file coords07.txt (compact mmCIF, N, CA, C and O atoms)
# COMPACT_ATOMS: atom_id res chain seq x y z
N MET A 12 8.77 -21.17 -2.36
CA MET A 12 8.11 -19.89 -2.14
C MET A 12 8.56 -19.30 -0.81
O MET A 12 8.67 -19.99 0.18
N ASN A 13 8.82 -18.03 -0.81
CA ASN A 13 9.25 -17.36 0.42
C ASN A 13 8.10 -17.26 1.40
O ASN A 13 6.97 -17.02 1.03
N LYS A 14 8.43 -17.44 2.67
CA LYS A 14 7.42 -17.24 3.71
C LYS A 14 7.33 -15.76 4.02
O LYS A 14 8.33 -15.05 4.04
N ILE A 15 6.13 -15.31 4.25
CA ILE A 15 5.92 -13.90 4.55
C ILE A 15 5.65 -13.75 6.03
O ILE A 15 4.78 -14.42 6.58
N LYS A 16 6.41 -12.89 6.65
CA LYS A 16 6.22 -12.61 8.07
C LYS A 16 5.23 -11.47 8.22
O LYS A 16 5.41 -10.42 7.63
N PHE A 17 4.20 -11.69 8.99
CA PHE A 17 3.23 -10.64 9.25
C PHE A 17 3.65 -9.83 10.45
O PHE A 17 4.22 -10.35 11.39
N ILE A 18 3.37 -8.55 10.40
CA ILE A 18 3.65 -7.70 11.55
C ILE A 18 2.31 -7.23 12.11
O ILE A 18 1.34 -7.10 11.38
N ASP A 19 2.28 -7.03 13.38
CA ASP A 19 1.09 -6.47 14.01
C ASP A 19 1.32 -4.97 14.13
O ASP A 19 2.08 -4.51 14.97
N ILE A 20 0.68 -4.21 13.24
CA ILE A 20 0.96 -2.78 13.22
C ILE A 20 0.44 -2.05 14.44
O ILE A 20 0.81 -0.93 14.69
N THR A 21 -0.40 -2.71 15.23
CA THR A 21 -0.86 -2.06 16.46
C THR A 21 0.29 -1.98 17.47
O THR A 21 0.23 -1.19 18.40
N GLN A 22 1.33 -2.80 17.28
CA GLN A 22 2.47 -2.77 18.20
C GLN A 22 3.55 -1.80 17.76
O GLN A 22 4.50 -1.56 18.50
N LEU A 23 3.42 -1.26 16.58
CA LEU A 23 4.41 -0.30 16.12
C LEU A 23 4.18 1.04 16.81
O LEU A 23 3.07 1.40 17.14
N SER A 24 5.24 1.77 16.97
CA SER A 24 5.10 3.08 17.61
C SER A 24 4.38 4.04 16.68
O SER A 24 4.39 3.88 15.47
N SER A 25 3.77 5.03 17.25
CA SER A 25 3.08 6.03 16.44
C SER A 25 4.08 6.79 15.57
O SER A 25 3.73 7.37 14.56
N TYR A 26 5.36 6.76 15.97
CA TYR A 26 6.40 7.42 15.19
C TYR A 26 6.47 6.84 13.78
O TYR A 26 6.71 7.55 12.82
N PHE A 27 6.24 5.54 13.66
CA PHE A 27 6.28 4.89 12.36
C PHE A 27 5.27 5.52 11.40
O PHE A 27 5.49 5.57 10.21
N PHE A 28 4.17 5.98 11.93
CA PHE A 28 3.09 6.49 11.08
C PHE A 28 3.22 7.97 10.75
O PHE A 28 2.26 8.57 10.30
N THR A 29 4.37 8.56 10.95
CA THR A 29 4.55 9.92 10.46
C THR A 29 4.70 9.87 8.95
O THR A 29 5.15 8.88 8.39
N ASP A 30 4.29 10.93 8.29
CA ASP A 30 4.35 10.96 6.83
C ASP A 30 5.74 10.63 6.29
O ASP A 30 5.88 9.86 5.36
N GLU A 31 6.77 11.20 6.90
CA GLU A 31 8.12 11.01 6.37
C GLU A 31 8.57 9.55 6.48
O GLU A 31 9.16 9.00 5.56
N ASN A 32 8.27 8.92 7.61
CA ASN A 32 8.64 7.51 7.78
C ASN A 32 7.87 6.63 6.80
O ASN A 32 8.43 5.68 6.24
N LEU A 33 6.60 6.92 6.62
CA LEU A 33 5.81 6.14 5.67
C LEU A 33 6.36 6.30 4.25
O LEU A 33 6.48 5.33 3.51
N LYS A 34 6.69 7.52 3.89
CA LYS A 34 7.23 7.78 2.54
C LYS A 34 8.52 7.00 2.32
O LYS A 34 8.75 6.47 1.24
N ASN A 35 9.37 6.94 3.33
CA ASN A 35 10.63 6.21 3.20
C ASN A 35 10.40 4.70 3.16
O ASN A 35 10.98 4.01 2.33
N GLU A 36 9.58 4.20 4.04
CA GLU A 36 9.35 2.76 4.13
C GLU A 36 8.57 2.23 2.93
O GLU A 36 8.80 1.13 2.47
N PHE A 37 7.63 3.04 2.42
CA PHE A 37 6.77 2.59 1.33
C PHE A 37 7.12 3.26 0.01
O PHE A 37 6.25 3.59 -0.78
N SER A 38 8.41 3.43 -0.23
CA SER A 38 8.86 3.89 -1.53
C SER A 38 8.50 2.82 -2.56
O SER A 38 8.70 1.63 -2.31
N PHE A 39 7.96 3.22 -3.70
CA PHE A 39 7.55 2.20 -4.67
C PHE A 39 8.73 1.40 -5.20
O PHE A 39 8.57 0.31 -5.71
N TYR A 40 9.95 1.91 -5.02
CA TYR A 40 11.14 1.15 -5.42
C TYR A 40 11.35 -0.08 -4.55
O TYR A 40 12.04 -1.00 -4.94
N LYS A 41 10.77 -0.09 -3.35
CA LYS A 41 10.91 -1.22 -2.43
C LYS A 41 9.77 -2.23 -2.57
O LYS A 41 9.73 -3.22 -1.87
N SER A 42 8.83 -1.99 -3.47
CA SER A 42 7.64 -2.84 -3.56
C SER A 42 7.94 -4.18 -4.22
O SER A 42 8.91 -4.34 -4.95
N ASP A 43 7.07 -5.15 -3.93
CA ASP A 43 7.19 -6.48 -4.54
C ASP A 43 6.51 -6.54 -5.90
O ASP A 43 6.92 -7.31 -6.76
N LYS A 44 5.47 -5.76 -6.08
CA LYS A 44 4.79 -5.64 -7.36
C LYS A 44 4.45 -4.17 -7.56
O LYS A 44 4.05 -3.49 -6.61
N LEU A 45 4.59 -3.71 -8.78
CA LEU A 45 4.33 -2.30 -9.08
C LEU A 45 3.65 -2.19 -10.43
O LEU A 45 4.01 -2.89 -11.37
N ALA A 46 2.66 -1.33 -10.50
CA ALA A 46 2.00 -1.02 -11.77
C ALA A 46 1.87 0.48 -11.87
O ALA A 46 1.56 1.16 -10.89
N GLY A 47 2.15 1.02 -13.03
CA GLY A 47 2.03 2.46 -13.24
C GLY A 47 1.32 2.75 -14.54
O GLY A 47 1.48 2.03 -15.52
N PHE A 48 0.48 3.78 -14.54
CA PHE A 48 -0.30 4.13 -15.72
C PHE A 48 -0.87 5.51 -15.53
O PHE A 48 -0.71 6.11 -14.47
N GLU A 49 -1.56 5.99 -16.53
CA GLU A 49 -2.20 7.30 -16.45
C GLU A 49 -3.70 7.12 -16.67
O GLU A 49 -4.12 6.37 -17.55
N THR A 50 -4.49 7.77 -15.86
CA THR A 50 -5.94 7.74 -16.00
C THR A 50 -6.50 9.11 -15.65
O THR A 50 -6.06 9.73 -14.68
N ASN A 51 -7.42 9.58 -16.45
CA ASN A 51 -8.02 10.91 -16.24
C ASN A 51 -6.97 12.00 -16.06
O ASN A 51 -7.11 12.88 -15.22
N GLY A 52 -5.87 11.88 -16.80
CA GLY A 52 -4.81 12.88 -16.72
C GLY A 52 -3.95 12.79 -15.47
O GLY A 52 -3.11 13.65 -15.23
N LYS A 53 -4.15 11.76 -14.65
CA LYS A 53 -3.37 11.59 -13.43
C LYS A 53 -2.42 10.41 -13.60
O LYS A 53 -2.82 9.36 -14.09
N GLN A 54 -1.18 10.59 -13.19
CA GLN A 54 -0.22 9.49 -13.18
C GLN A 54 -0.40 8.73 -11.87
O GLN A 54 -0.25 9.29 -10.79
N ILE A 55 -0.74 7.45 -11.99
CA ILE A 55 -1.04 6.63 -10.82
C ILE A 55 -0.06 5.46 -10.76
O ILE A 55 0.27 4.86 -11.77
N LYS A 56 0.41 5.15 -9.55
CA LYS A 56 1.17 3.93 -9.32
C LYS A 56 0.50 3.18 -8.18
O LYS A 56 0.02 3.77 -7.22
N LEU A 57 0.47 1.87 -8.30
CA LEU A 57 -0.09 1.00 -7.28
C LEU A 57 0.98 -0.02 -6.94
O LEU A 57 1.57 -0.61 -7.85
N ALA A 58 1.28 -0.22 -5.66
CA ALA A 58 2.36 -1.12 -5.26
C ALA A 58 1.89 -2.07 -4.18
O ALA A 58 1.10 -1.70 -3.31
N TYR A 59 2.40 -3.31 -4.24
CA TYR A 59 2.11 -4.33 -3.23
C TYR A 59 3.37 -4.57 -2.41
O TYR A 59 4.45 -4.74 -2.97
N PHE A 60 3.23 -4.58 -1.08
CA PHE A 60 4.34 -4.82 -0.16
C PHE A 60 4.05 -6.08 0.64
O PHE A 60 3.25 -6.07 1.57
N ALA A 61 4.72 -7.18 0.28
CA ALA A 61 4.48 -8.46 0.95
C ALA A 61 4.84 -8.40 2.43
O ALA A 61 4.14 -8.97 3.26
N LYS A 62 5.92 -7.69 2.77
CA LYS A 62 6.38 -7.61 4.16
C LYS A 62 5.28 -7.11 5.08
O LYS A 62 5.15 -7.55 6.22
N TYR A 63 4.48 -6.16 4.59
CA TYR A 63 3.44 -5.56 5.41
C TYR A 63 2.04 -6.01 5.03
O TYR A 63 1.06 -5.58 5.64
N ASN A 64 1.93 -6.87 4.01
CA ASN A 64 0.62 -7.29 3.50
C ASN A 64 -0.21 -6.03 3.23
O ASN A 64 -1.32 -5.87 3.72
N ALA A 65 0.37 -5.14 2.43
CA ALA A 65 -0.23 -3.81 2.21
C ALA A 65 -0.19 -3.45 0.73
O ALA A 65 0.66 -3.91 -0.02
N ILE A 66 -1.13 -2.59 0.36
CA ILE A 66 -1.17 -2.02 -0.98
C ILE A 66 -1.10 -0.50 -0.82
O ILE A 66 -1.85 0.08 -0.05
N ALA A 67 -0.17 0.11 -1.56
CA ALA A 67 0.00 1.56 -1.50
C ALA A 67 -0.35 2.18 -2.85
O ALA A 67 -0.14 1.56 -3.89
N THR A 68 -0.89 3.38 -2.80
CA THR A 68 -1.24 4.13 -4.00
C THR A 68 -0.41 5.41 -4.04
O THR A 68 -0.22 6.06 -3.01
N TYR A 69 0.06 5.75 -5.22
CA TYR A 69 0.88 6.94 -5.42
C TYR A 69 0.25 7.80 -6.50
O TYR A 69 -0.23 7.29 -7.50
N LYS A 70 0.27 9.09 -6.29
CA LYS A 70 -0.16 10.05 -7.30
C LYS A 70 1.11 10.72 -7.79
O LYS A 70 1.84 11.30 -7.00
N LYS A 71 1.40 10.53 -9.08
CA LYS A 71 2.73 10.84 -9.63
C LYS A 71 3.71 10.00 -8.85
O LYS A 71 3.59 8.79 -8.83
N ASN A 72 4.67 10.57 -8.17
CA ASN A 72 5.60 9.77 -7.37
C ASN A 72 5.40 9.97 -5.87
O ASN A 72 6.23 9.59 -5.07
N LYS A 73 4.27 10.56 -5.50
CA LYS A 73 4.01 10.90 -4.10
C LYS A 73 3.09 9.86 -3.46
O LYS A 73 2.00 9.58 -3.98
N LEU A 74 3.52 9.30 -2.34
CA LEU A 74 2.71 8.33 -1.61
C LEU A 74 1.41 9.00 -1.18
O LEU A 74 1.42 10.07 -0.59
N ASN A 75 0.29 8.36 -1.50
CA ASN A 75 -1.02 8.96 -1.26
C ASN A 75 -1.82 8.17 -0.23
O ASN A 75 -2.49 8.75 0.60
N ASN A 76 -1.74 6.85 -0.30
CA ASN A 76 -2.60 6.02 0.54
C ASN A 76 -1.95 4.66 0.76
O ASN A 76 -1.31 4.13 -0.14
N ILE A 77 -2.14 4.10 1.95
CA ILE A 77 -1.69 2.74 2.24
C ILE A 77 -2.85 2.00 2.90
O ILE A 77 -3.48 2.52 3.82
N VAL A 78 -3.10 0.79 2.42
CA VAL A 78 -4.10 -0.06 3.06
C VAL A 78 -3.37 -1.30 3.57
O VAL A 78 -2.75 -2.03 2.79
N PHE A 79 -3.41 -1.51 4.89
CA PHE A 79 -2.81 -2.69 5.50
C PHE A 79 -3.88 -3.77 5.65
O PHE A 79 -4.95 -3.51 6.22
N TYR A 80 -3.58 -4.96 5.17
CA TYR A 80 -4.49 -6.10 5.32
C TYR A 80 -3.92 -6.98 6.42
O TYR A 80 -2.76 -7.39 6.35
N MET A 81 -4.70 -7.26 7.43
CA MET A 81 -4.18 -7.99 8.57
C MET A 81 -4.10 -9.49 8.27
O MET A 81 -4.47 -9.94 7.21
N SER A 82 -3.58 -10.25 9.22
CA SER A 82 -3.24 -11.65 8.97
C SER A 82 -4.43 -12.53 8.57
O SER A 82 -4.24 -13.60 8.01
N ALA A 83 -5.66 -12.07 8.83
CA ALA A 83 -6.83 -12.82 8.38
C ALA A 83 -6.86 -12.88 6.85
O ALA A 83 -7.42 -13.79 6.26
N TRP A 84 -6.24 -11.89 6.21
CA TRP A 84 -6.11 -11.88 4.75
C TRP A 84 -4.78 -12.53 4.39
O TRP A 84 -3.73 -12.02 4.76
N GLN A 85 -4.81 -13.64 3.70
CA GLN A 85 -3.59 -14.29 3.26
C GLN A 85 -2.95 -13.48 2.13
O GLN A 85 -3.65 -12.77 1.40
N PRO A 86 -1.62 -13.58 1.98
CA PRO A 86 -0.93 -12.82 0.93
C PRO A 86 -1.52 -13.05 -0.46
O PRO A 86 -1.59 -12.12 -1.27
N GLU A 87 -1.97 -14.27 -0.73
CA GLU A 87 -2.55 -14.56 -2.04
C GLU A 87 -3.81 -13.73 -2.27
O GLU A 87 -4.06 -13.24 -3.38
N GLN A 88 -4.61 -13.55 -1.22
CA GLN A 88 -5.83 -12.75 -1.33
C GLN A 88 -5.49 -11.29 -1.60
O GLN A 88 -6.16 -10.62 -2.39
N VAL A 89 -4.45 -10.79 -0.93
CA VAL A 89 -4.07 -9.39 -1.11
C VAL A 89 -3.52 -9.17 -2.52
O VAL A 89 -3.82 -8.17 -3.16
N GLN A 90 -2.75 -10.14 -3.02
CA GLN A 90 -2.24 -10.03 -4.39
C GLN A 90 -3.40 -10.06 -5.39
O GLN A 90 -3.40 -9.32 -6.38
N GLU A 91 -4.41 -10.89 -5.13
CA GLU A 91 -5.60 -10.90 -5.99
C GLU A 91 -6.31 -9.56 -5.93
O GLU A 91 -6.79 -9.04 -6.94
N ASN A 92 -6.38 -8.99 -4.73
CA ASN A 92 -6.99 -7.67 -4.56
C ASN A 92 -6.21 -6.61 -5.34
O ASN A 92 -6.80 -5.73 -5.96
N PHE A 93 -4.89 -6.71 -5.31
CA PHE A 93 -4.02 -5.81 -6.07
C PHE A 93 -4.36 -5.89 -7.56
O PHE A 93 -4.58 -4.88 -8.21
N GLU A 94 -4.44 -7.12 -8.09
CA GLU A 94 -4.77 -7.32 -9.50
C GLU A 94 -6.18 -6.80 -9.81
O GLU A 94 -6.42 -6.18 -10.85
N GLY A 95 -7.13 -7.06 -8.89
CA GLY A 95 -8.51 -6.60 -9.08
C GLY A 95 -8.61 -5.08 -9.10
O GLY A 95 -9.37 -4.51 -9.89
N ARG A 96 -7.84 -4.43 -8.24
CA ARG A 96 -7.86 -2.96 -8.22
C ARG A 96 -7.31 -2.39 -9.51
O ARG A 96 -7.81 -1.38 -10.02
N LEU A 97 -6.28 -3.05 -10.08
CA LEU A 97 -5.75 -2.60 -11.37
C LEU A 97 -6.79 -2.77 -12.47
O LEU A 97 -7.04 -1.87 -13.26
N LYS A 98 -7.38 -3.96 -12.49
CA LYS A 98 -8.36 -4.28 -13.54
C LYS A 98 -9.56 -3.35 -13.50
O LYS A 98 -10.05 -2.88 -14.53
N ASN A 99 -10.05 -3.07 -12.29
CA ASN A 99 -11.26 -2.25 -12.13
C ASN A 99 -10.95 -0.76 -11.93
O ASN A 99 -11.86 0.02 -11.69
N LYS A 100 -9.68 -0.41 -11.99
CA LYS A 100 -9.25 0.98 -11.82
C LYS A 100 -9.75 1.60 -10.51
O LYS A 100 -10.32 2.67 -10.47
N VAL A 101 -9.54 0.85 -9.42
CA VAL A 101 -9.87 1.34 -8.08
C VAL A 101 -8.54 1.70 -7.41
O VAL A 101 -7.75 0.84 -7.06
N PHE A 102 -8.31 3.00 -7.24
CA PHE A 102 -7.00 3.44 -6.79
C PHE A 102 -6.98 4.06 -5.40
O PHE A 102 -5.92 4.28 -4.85
N ASN A 103 -8.13 4.40 -4.86
CA ASN A 103 -8.19 5.00 -3.52
C ASN A 103 -7.32 6.23 -3.38
O ASN A 103 -6.54 6.36 -2.45
N LEU A 104 -7.45 7.16 -4.30
CA LEU A 104 -6.73 8.43 -4.16
C LEU A 104 -7.53 9.36 -3.25
O LEU A 104 -8.74 9.43 -3.32
N TYR A 105 -6.83 10.06 -2.39
CA TYR A 105 -7.48 10.96 -1.45
C TYR A 105 -6.94 12.37 -1.62
O TYR A 105 -5.76 12.55 -1.90
N GLN A 106 -7.78 13.34 -1.42
CA GLN A 106 -7.35 14.73 -1.45
C GLN A 106 -6.99 15.13 -0.03
O GLN A 106 -7.76 15.76 0.68
N VAL A 107 -5.82 14.72 0.40
CA VAL A 107 -5.37 15.04 1.75
C VAL A 107 -3.96 15.58 1.68
O VAL A 107 -3.23 15.34 0.72
N ASN A 108 -3.55 16.31 2.70
CA ASN A 108 -2.19 16.84 2.75
C ASN A 108 -1.19 15.74 3.06
O ASN A 108 -0.09 15.72 2.54
N GLY A 109 -1.55 14.84 3.94
CA GLY A 109 -0.65 13.76 4.33
C GLY A 109 -1.09 12.43 3.76
O GLY A 109 -2.04 12.35 2.99
N VAL A 110 -0.40 11.40 4.16
CA VAL A 110 -0.71 10.04 3.71
C VAL A 110 -1.86 9.51 4.54
O VAL A 110 -1.86 9.61 5.76
N LYS A 111 -2.84 8.91 3.88
CA LYS A 111 -3.95 8.29 4.61
C LYS A 111 -3.64 6.81 4.80
O LYS A 111 -3.27 6.13 3.86
N VAL A 112 -3.77 6.34 6.03
CA VAL A 112 -3.49 4.94 6.35
C VAL A 112 -4.78 4.27 6.77
O VAL A 112 -5.50 4.78 7.62
N GLU A 113 -5.08 3.15 6.16
CA GLU A 113 -6.25 2.36 6.53
C GLU A 113 -5.78 0.99 7.00
O GLU A 113 -4.77 0.50 6.54
N LYS A 114 -6.55 0.40 7.89
CA LYS A 114 -6.26 -0.97 8.33
C LYS A 114 -7.53 -1.79 8.08
O LYS A 114 -8.60 -1.40 8.51
N ILE A 115 -7.39 -2.88 7.42
CA ILE A 115 -8.52 -3.77 7.19
C ILE A 115 -8.28 -5.05 7.97
O ILE A 115 -7.29 -5.73 7.77
N TYR A 116 -9.22 -5.36 8.85
CA TYR A 116 -9.05 -6.54 9.72
C TYR A 116 -9.89 -7.69 9.19
O TYR A 116 -10.92 -7.48 8.63

call {"tool": "encode", "arguments": {"input": "coords07.txt", "output": "structure tokens"}}
result
Amino acid sequence: MNKIKFIDITQLSSYFFTDENLKNEFSFYKSDKLAGFETNGKQIKLAYFAKYNAIATYKKNKLNNIVFYMSAWQPEQVQENFEGRLKNKVFNLYQVNGVKVEKIY
């Protein structure tokens, strides 16, 4: 099994958190796990990124939300959370102009 390196996002520059950088870094094509489906007439994609221990949500093909789980959450827990969100249809879509970033410690 591959070892996952955790990053401390508090040490990243604020430049990283611009919408354009997030869109490039969190393209669903780069994800480790991806699920796509339609619900309530909306095309939703949910992606897991092991490198960042993060789950991203996309509306159509547009990045909508990213939740970073910090090192207290092991990758297995985050993958279980990914599966649980799919099963329970919890997508965290936001009506915002830019990407919403959350950090869970």

call {"tool": "atom_distance", "arguments": {"input": "coords07.txt", "atom1": "atom O of Phe37 (chain A)", "atom2": "atom C of Asn75 (chain A)"}}
result
9.3 Å

call {"tool": "residues_around", "arguments": {"input": "coords07.txt", "residues": "Phe39 (chain A)", "least_positions_apart": "6", "cutoff": "8 Å", "atoms": "all atoms listed in the file", "output": "list in words"}}
result
Leu33, Leu45, Ala46, Lys56, Leu57, Ala58, Tyr59, Ala67, Asn72 and Leu74 of chain A

call {"tool": "residues_around", "arguments": {"input": "coords07.txt", "residues": "Asn64 (chain A)", "least_positions_apart": "2", "cutoff": "7 Å", "atoms": "all atoms listed in the file", "output": "list in words"}}
result
Lys16, Phe17, Ile18, Tyr59, Phe60, Ala61, Lys62, Ile66, Val78, Phe79, Tyr80, Met81, Trp84, Pro86 and Val89 of chain A

call {"tool": "atom_distance", "arguments": {"input": "coords07.txt", "atom1": "CA of Val112 (chain A)", "atom2": "atom O of Asp43 (chain A)"}}
result
20.7 Å

call {"tool": "axis_aligned_box", "arguments": {"input": "coords07.txt", "around": "region 38-48 of chain A", "padding_each_side": "6 Å", "output": "AutoDock Vina command-line options"}}
result
--center_x 5.6 --center_y -0.6 --center_z -8.0 --size_x 24.9 --size_y 25.4 --size_z 27.5

call {"tool": "closest_residue", "arguments": {"input": "coords07.txt", "among": "A:Lys100, A:Val110, A:Glu91, A:Lys34", "to": "Ile77 (chain A)", "atoms": "all atoms listed in the file"}}
result
A:Val110

call {"tool": "atom_distance", "arguments": {"input": "coords07.txt", "atom1": "CA of Ile55 (chain A)", "atom2": "CA of Glu94 (chain A)"}}
result
14.5 Å

call {"tool": "closest_residue", "arguments": {"input": "coords07.txt", "among": "A:Thr29, A:Glu87, A:Phe102, A:Leu97", "to": "Lys70 (chain A)", "atoms": "only N, CA, C and O atoms"}}
result
A:Phe102

call {"tool": "closest_residue", "arguments": {"input": "coords07.txt", "among": "A:Gln88, A:Ser42, A:Ser82, A:Asn76", "to": "Glu113 (chain A)", "atoms": "all atoms listed in the file"}}
result
A:Asn76

call {"tool": "closest_residue", "arguments": {"input": "coords07.txt", "among": "A:Glu36, A:Lys114, A:Gly52, A:Arg96", "to": "Ala83 (chain A)", "atoms": "only C-alpha atoms"}}
result
A:Lys114

call {"tool": "decode", "arguments": {"input": "coords07.txt", "residues": "region 87-111 of chain A", "atoms": "N, CA and C atoms", "output": "mmCIF file, in the first residue's frame"}}
result
data_model
loop_
_atom_site.group_PDB
_atom_site.id
_atom_site.type_symbol
_atom_site.label_atom_id
_atom_site.label_comp_id
_atom_site.auth_asym_id
_atom_site.auth_seq_id
_atom_site.Cartn_x
_atom_site.Cartn_y
_atom_site.Cartn_z
ATOM 1 N N GLU A 87 -8.042 6.189 5.669
ATOM 2 C CA GLU A 87 -9.119 5.199 5.641
ATOM 3 C C GLU A 87 -10.438 5.816 6.107
ATOM 4 N N GLN A 88 -10.362 6.689 7.116
ATOM 5 C CA GLN A 88 -11.568 7.361 7.617
ATOM 6 C C GLN A 88 -12.149 8.288 6.551
ATOM 7 N N VAL A 89 -11.265 8.988 5.842
ATOM 8 C CA VAL A 89 -11.735 9.929 4.829
ATOM 9 C C VAL A 89 -12.359 9.166 3.661
ATOM 10 N N GLN A 90 -11.765 8.029 3.292
ATOM 11 C CA GLN A 90 -12.350 7.212 2.227
ATOM 12 C C GLN A 90 -13.712 6.672 2.656
ATOM 13 N N GLU A 91 -13.846 6.286 3.925
ATOM 14 C CA GLU A 91 -15.149 5.848 4.437
ATOM 15 C C GLU A 91 -16.150 6.994 4.384
ATOM 16 N N ASN A 92 -15.682 8.193 4.722
ATOM 17 C CA ASN A 92 -16.538 9.378 4.653
ATOM 18 C C ASN A 92 -16.977 9.640 3.214
ATOM 19 N N PHE A 93 -16.066 9.455 2.272
ATOM 20 C CA PHE A 93 -16.368 9.599 0.841
ATOM 21 C C PHE A 93 -17.491 8.636 0.453
ATOM 22 N N GLU A 94 -17.351 7.363 0.844
ATOM 23 C CA GLU A 94 -18.366 6.350 0.533
ATOM 24 C C GLU A 94 -19.692 6.693 1.218
ATOM 25 N N GLY A 95 -19.619 7.161 2.477
ATOM 26 C CA GLY A 95 -20.823 7.530 3.222
ATOM 27 C C GLY A 95 -21.556 8.700 2.583
ATOM 28 N N ARG A 96 -20.801 9.670 2.093
ATOM 29 C CA ARG A 96 -21.429 10.819 1.441
ATOM 30 C C ARG A 96 -22.139 10.405 0.162
ATOM 31 N N LEU A 97 -21.544 9.444 -0.569
ATOM 32 C CA LEU A 97 -22.202 8.929 -1.772
ATOM 33 C C LEU A 97 -23.493 8.209 -1.415
ATOM 34 N N LYS A 98 -23.385 7.333 -0.425
ATOM 35 C CA LYS A 98 -24.537 6.516 -0.019
ATOM 36 C C LYS A 98 -25.695 7.380 0.478
ATOM 37 N N ASN A 99 -25.367 8.401 1.277
ATOM 38 C CA ASN A 99 -26.396 9.249 1.882
ATOM 39 C C ASN A 99 -26.712 10.495 1.055
ATOM 40 N N LYS A 100 -26.082 10.612 -0.102
ATOM 41 C CA LYS A 100 -26.290 11.755 -0.996
ATOM 42 C C LYS A 100 -26.052 13.099 -0.296
ATOM 43 N N VAL A 101 -24.908 13.183 0.388
ATOM 44 C CA VAL A 101 -24.485 14.427 1.028
ATOM 45 C C VAL A 101 -23.364 15.004 0.166
ATOM 46 N N PHE A 102 -23.668 16.091 -0.534
ATOM 47 C CA PHE A 102 -22.722 16.588 -1.526
ATOM 48 C C PHE A 102 -22.105 17.933 -1.187
ATOM 49 N N ASN A 103 -22.648 18.650 -0.227
ATOM 50 C CA ASN A 103 -22.100 19.956 0.159
ATOM 51 C C ASN A 103 -21.981 20.918 -1.014
ATOM 52 N N LEU A 104 -23.046 21.076 -1.770
ATOM 53 C CA LEU A 104 -23.044 22.076 -2.836
ATOM 54 C C LEU A 104 -23.382 23.438 -2.241
ATOM 55 N N TYR A 105 -22.686 24.451 -2.706
ATOM 56 C CA TYR A 105 -22.898 25.807 -2.201
ATOM 57 C C TYR A 105 -23.264 26.737 -3.338
ATOM 58 N N GLN A 106 -24.103 27.689 -3.057
ATOM 59 C CA GLN A 106 -24.441 28.708 -4.047
ATOM 60 C C GLN A 106 -23.480 29.875 -3.850
ATOM 61 N N VAL A 107 -22.284 29.711 -4.348
ATOM 62 C CA VAL A 107 -21.280 30.764 -4.215
ATOM 63 C C VAL A 107 -20.638 30.997 -5.570
ATOM 64 N N ASN A 108 -20.045 32.170 -5.742
ATOM 65 C CA ASN A 108 -19.361 32.478 -6.998
ATOM 66 C C ASN A 108 -18.046 31.728 -7.106
ATOM 67 N N GLY A 109 -17.339 31.618 -6.004
ATOM 68 C CA GLY A 109 -16.049 30.941 -6.009
ATOM 69 C C GLY A 109 -16.121 29.591 -5.321
ATOM 70 N N VAL A 110 -14.978 28.980 -5.182
ATOM 71 C CA VAL A 110 -14.881 27.673 -4.523
ATOM 72 C C VAL A 110 -14.867 27.889 -3.020
ATOM 73 N N LYS A 111 -15.658 27.109 -2.309
ATOM 74 C CA LYS A 111 -15.653 27.189 -0.849
ATOM 75 C C LYS A 111 -14.692 26.130 -0.306
#
